[in-house]
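Peer 1: If you scroll down you'll find the structure; I have some questions about it.
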Amino acid sequence: CDIGIRQTGYAVRYHQSPDCREIIVGFLLFKIIATMKKIIIIISLVFTAVSVSAQQYWDGSRPDHRFTFGQRAGANLTKVFDDEMEWRYNWGYQVGAVAELNLVRSLSLGTGLYYIQKGFKMELEYSPTFTQTFDYSPKYLEIPLLLTYHIKLSDSSQFHFNAGGYYAFGLKDSDKSFFKDNTGYKTSDLGISLGVAVTYSHYYAGASYERSIMNISNSEVNAYNSSIVVSLGYNF
């Protein structure tokens with residue numbers, strides 16, 4: 001490779017032979033190709049890892065059965081939050097039936113119908129020696145709509161994440177002091193639901209959290225239902 005200096009008048013010019021330029025171009029091409037090979041190898045390794053992970057945690061194949069039906073029963077820890085007061089939690093219960101449309105093995109869309117008790121406890125202290133407790137236990141018919149992601153743990157067990165919403169309609173005669181037209185709470189309740197569950201064979205155990213997204217108060221105060229639910233069940 002011949003690189004030299006040529007002086008023409010007051011200008012100094014560098015010149016190189018054609019062979020030298022070819023060597024430099026060839027060297028640069030070699031480095032570019034080597035770098036591209038490394039990038040391709042890294043991308044291939046990442047793609048392989050993602051594919052293995054996806055196959056482990058996602059199964060898009062056709063489910064064994066299109067529908068799943070089940071029964072549920074459990075306990076609720078319920079409360080009403082509002083702008084003025086924070087009431088105490090109250091114990092409730094729920095019973096119901098569910099139905100799921102299995103879209104693929106790892107994903108399903110479910111709904112159901114529950115008879116559920118919500119409400120709260122309120123303590124009023126009239127004097128240091130006298131406190132009165134009020135127990136509000138309204139009953140609702142509740143319809144959830146949940147999207148559930150399933151992770152296979154073994155041939156007979158699965159872990160589940162679910163997220164979605166619910167609509168509940170209050171049964172006015174169940175607690176007339178709660179469902180008052182002007183000073184009480186509305187019969188309609190719309191909210192969100194998040195939960196986890198485990199199934200083994202036909203048996204189900206789950207926990208979820210529900211909260212209103214609409215104001216359930218009939219007065220100027222904003223109020224929202226909140227429930228922590230633990231339930232057991234059996235799937236057919």
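Chain labels A, B, ... are given in the sequence in which chains occur in the structure tokens; within each chain residues are numbered consecutively from 1, and ligands are likewise numbered from 1 in the order shown.
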Quick one: which region 110-171 of chain A residues come within 9 Å of region 58-70 of chain A, and what is the nearest atom pair for each with the distance in Å to one decimal, counting only C-alpha atoms, rows ordered by chain and ascending number, as a Markdown table?

Peer 2:
```
| residue | atom | partner | partner_atom | distance |
| --- | --- | --- | --- | --- |
| A:Gly110 | CA | A:Thr68 | CA | 8.9 |
| A:Tyr149 | CA | A:Trp58 | CA | 8.9 |
| A:His150 | CA | A:Trp58 | CA | 8.2 |
| A:Ile151 | CA | A:Trp58 | CA | 7.3 |
| A:Lys152 | CA | A:Trp58 | CA | 8.9 |
```

Peer 1: Okay, now the selection with N, CA, C and O atoms, as a PDB file, in the first residue's frame?

Peer 2:
```pdb
ATOM      1  N   GLY A 110     -65.111 -14.758  31.101  1.00  0.00           N
ATOM      2  CA  GLY A 110     -66.078 -15.328  32.020  1.00  0.00           C
ATOM      3  C   GLY A 110     -67.086 -14.333  32.552  1.00  0.00           C
ATOM      4  O   GLY A 110     -66.841 -13.119  32.585  1.00  0.00           O
ATOM      5  N   TYR A 149     -56.351 -15.086  32.460  1.00  0.00           N
ATOM      6  CA  TYR A 149     -55.134 -15.667  31.872  1.00  0.00           C
ATOM      7  C   TYR A 149     -54.731 -16.874  32.705  1.00  0.00           C
ATOM      8  O   TYR A 149     -54.607 -16.782  33.929  1.00  0.00           O
ATOM      9  N   HIS A 150     -54.524 -18.019  32.054  1.00  0.00           N
ATOM     10  CA  HIS A 150     -54.235 -19.276  32.746  1.00  0.00           C
ATOM     11  C   HIS A 150     -52.780 -19.690  32.528  1.00  0.00           C
ATOM     12  O   HIS A 150     -52.281 -19.642  31.403  1.00  0.00           O
ATOM     13  N   ILE A 151     -52.129 -20.098  33.604  1.00  0.00           N
ATOM     14  CA  ILE A 151     -50.768 -20.645  33.538  1.00  0.00           C
ATOM     15  C   ILE A 151     -50.816 -22.088  34.027  1.00  0.00           C
ATOM     16  O   ILE A 151     -51.253 -22.357  35.161  1.00  0.00           O
ATOM     17  N   LYS A 152     -50.368 -23.000  33.207  1.00  0.00           N
ATOM     18  CA  LYS A 152     -50.389 -24.420  33.567  1.00  0.00           C
ATOM     19  C   LYS A 152     -49.269 -24.720  34.550  1.00  0.00           C
ATOM     20  O   LYS A 152     -48.102 -24.438  34.294  1.00  0.00           O
TER      21      LYS A 152
END
```

Peer 1: Name the residues of region 46-192 of chain A that fall into strand (DSSP E) according to DSSP on the backbone, using the chain letters and numbers of this document, as a ChimeraX atom specification.

Peer 2: /A:67-82,90-104,107-117,120-127,130-136,139-152,157-171,188-192

Peer 1: From the options A:Thr148, A:Ser208, A:Asn235, A:Asn222, which residue's atoms come nearest to Thr183 (chain A), counting only C-alpha atoms?

Peer 2: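 Of A:Thr148, A:Ser208, A:Asn235, A:Asn222, the one nearest Thr183 (chain A), counting only C-alpha atoms, is A:Asn222.
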
Peer 1: What lies within 7 Å of Phe178 (chain A) using only C-alpha atoms, ignoring chain neighbours under 4 positions off, as a compact mmCIF listing (two decimals) with C-alpha atoms, in the first residue's frame?

Peer 2:
```txt
# COMPACT_ATOMS: atom_id res chain seq x y z
CA TYR A 136 -75.32 -1.80 57.22
CA PRO A 138 -77.16 -4.40 51.79
CA GLY A 184 -78.67 6.94 51.35
CA TYR A 185 -77.01 5.04 48.52
```

Peer 1: I need the residue nearest Asn215 (chain A) from this list: A:Phe81, A:Leu194, A:Glu123, A:Tyr115. Use only C-alpha atoms for the distance.

Peer 2: A:Phe81

Peer 1: What separation in Å, quoted to one decimal, exists between CA of Gln94 (chain A) and CA of Lys118 (chain A)?

Peer 2: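 The value is 9.1 Å.
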
Peer 1: For CA of Ile192 (chain A) and CA of Ala163 (chain A), quote the distance in Å rounded to one decimal.

Peer 2: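 CA of Ala163 (chain A) lies 7.8 Å from CA of Ile192 (chain A).
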
Peer 1: When distances are computed from only C-alpha atoms, which of A:Ser137, A:Ser106, A:Thr78, A:Thr129 shows the smallest separation from Ser212 (chain A)?

Peer 2: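 Residue with the minimum atom-to-atom distance to Ser212 (chain A): A:Thr78.
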
Peer 1: Which residue out of A:Ala168, A:Val196, A:Leu107, A:Val80 has the minimum interatomic distance to Val221 (chain A) when only C-alpha atoms are used?

Peer 2: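 Smallest distance to Val221 (chain A) is found for A:Val80.
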
Peer 1: Given only C-alpha atoms as the basis, pick out the residue of A:Leu171, A:Ile39, A:Ala205, A:Ile216 nearest to Ala75 (chain A).

Peer 2: A:Ala205

Peer 1: What is the CA of Phe169 (chain A)-CA of Asp189 (chain A) distance in Å, reported with one decimal?

Peer 2: 6.4 Å

Peer 1: For Asn76 (chain A), which residue among A:Leu103, A:Ala223, A:Leu190, A:Ile116 is the nearest when counting only C-alpha atoms?

Peer 2: A:Ile116
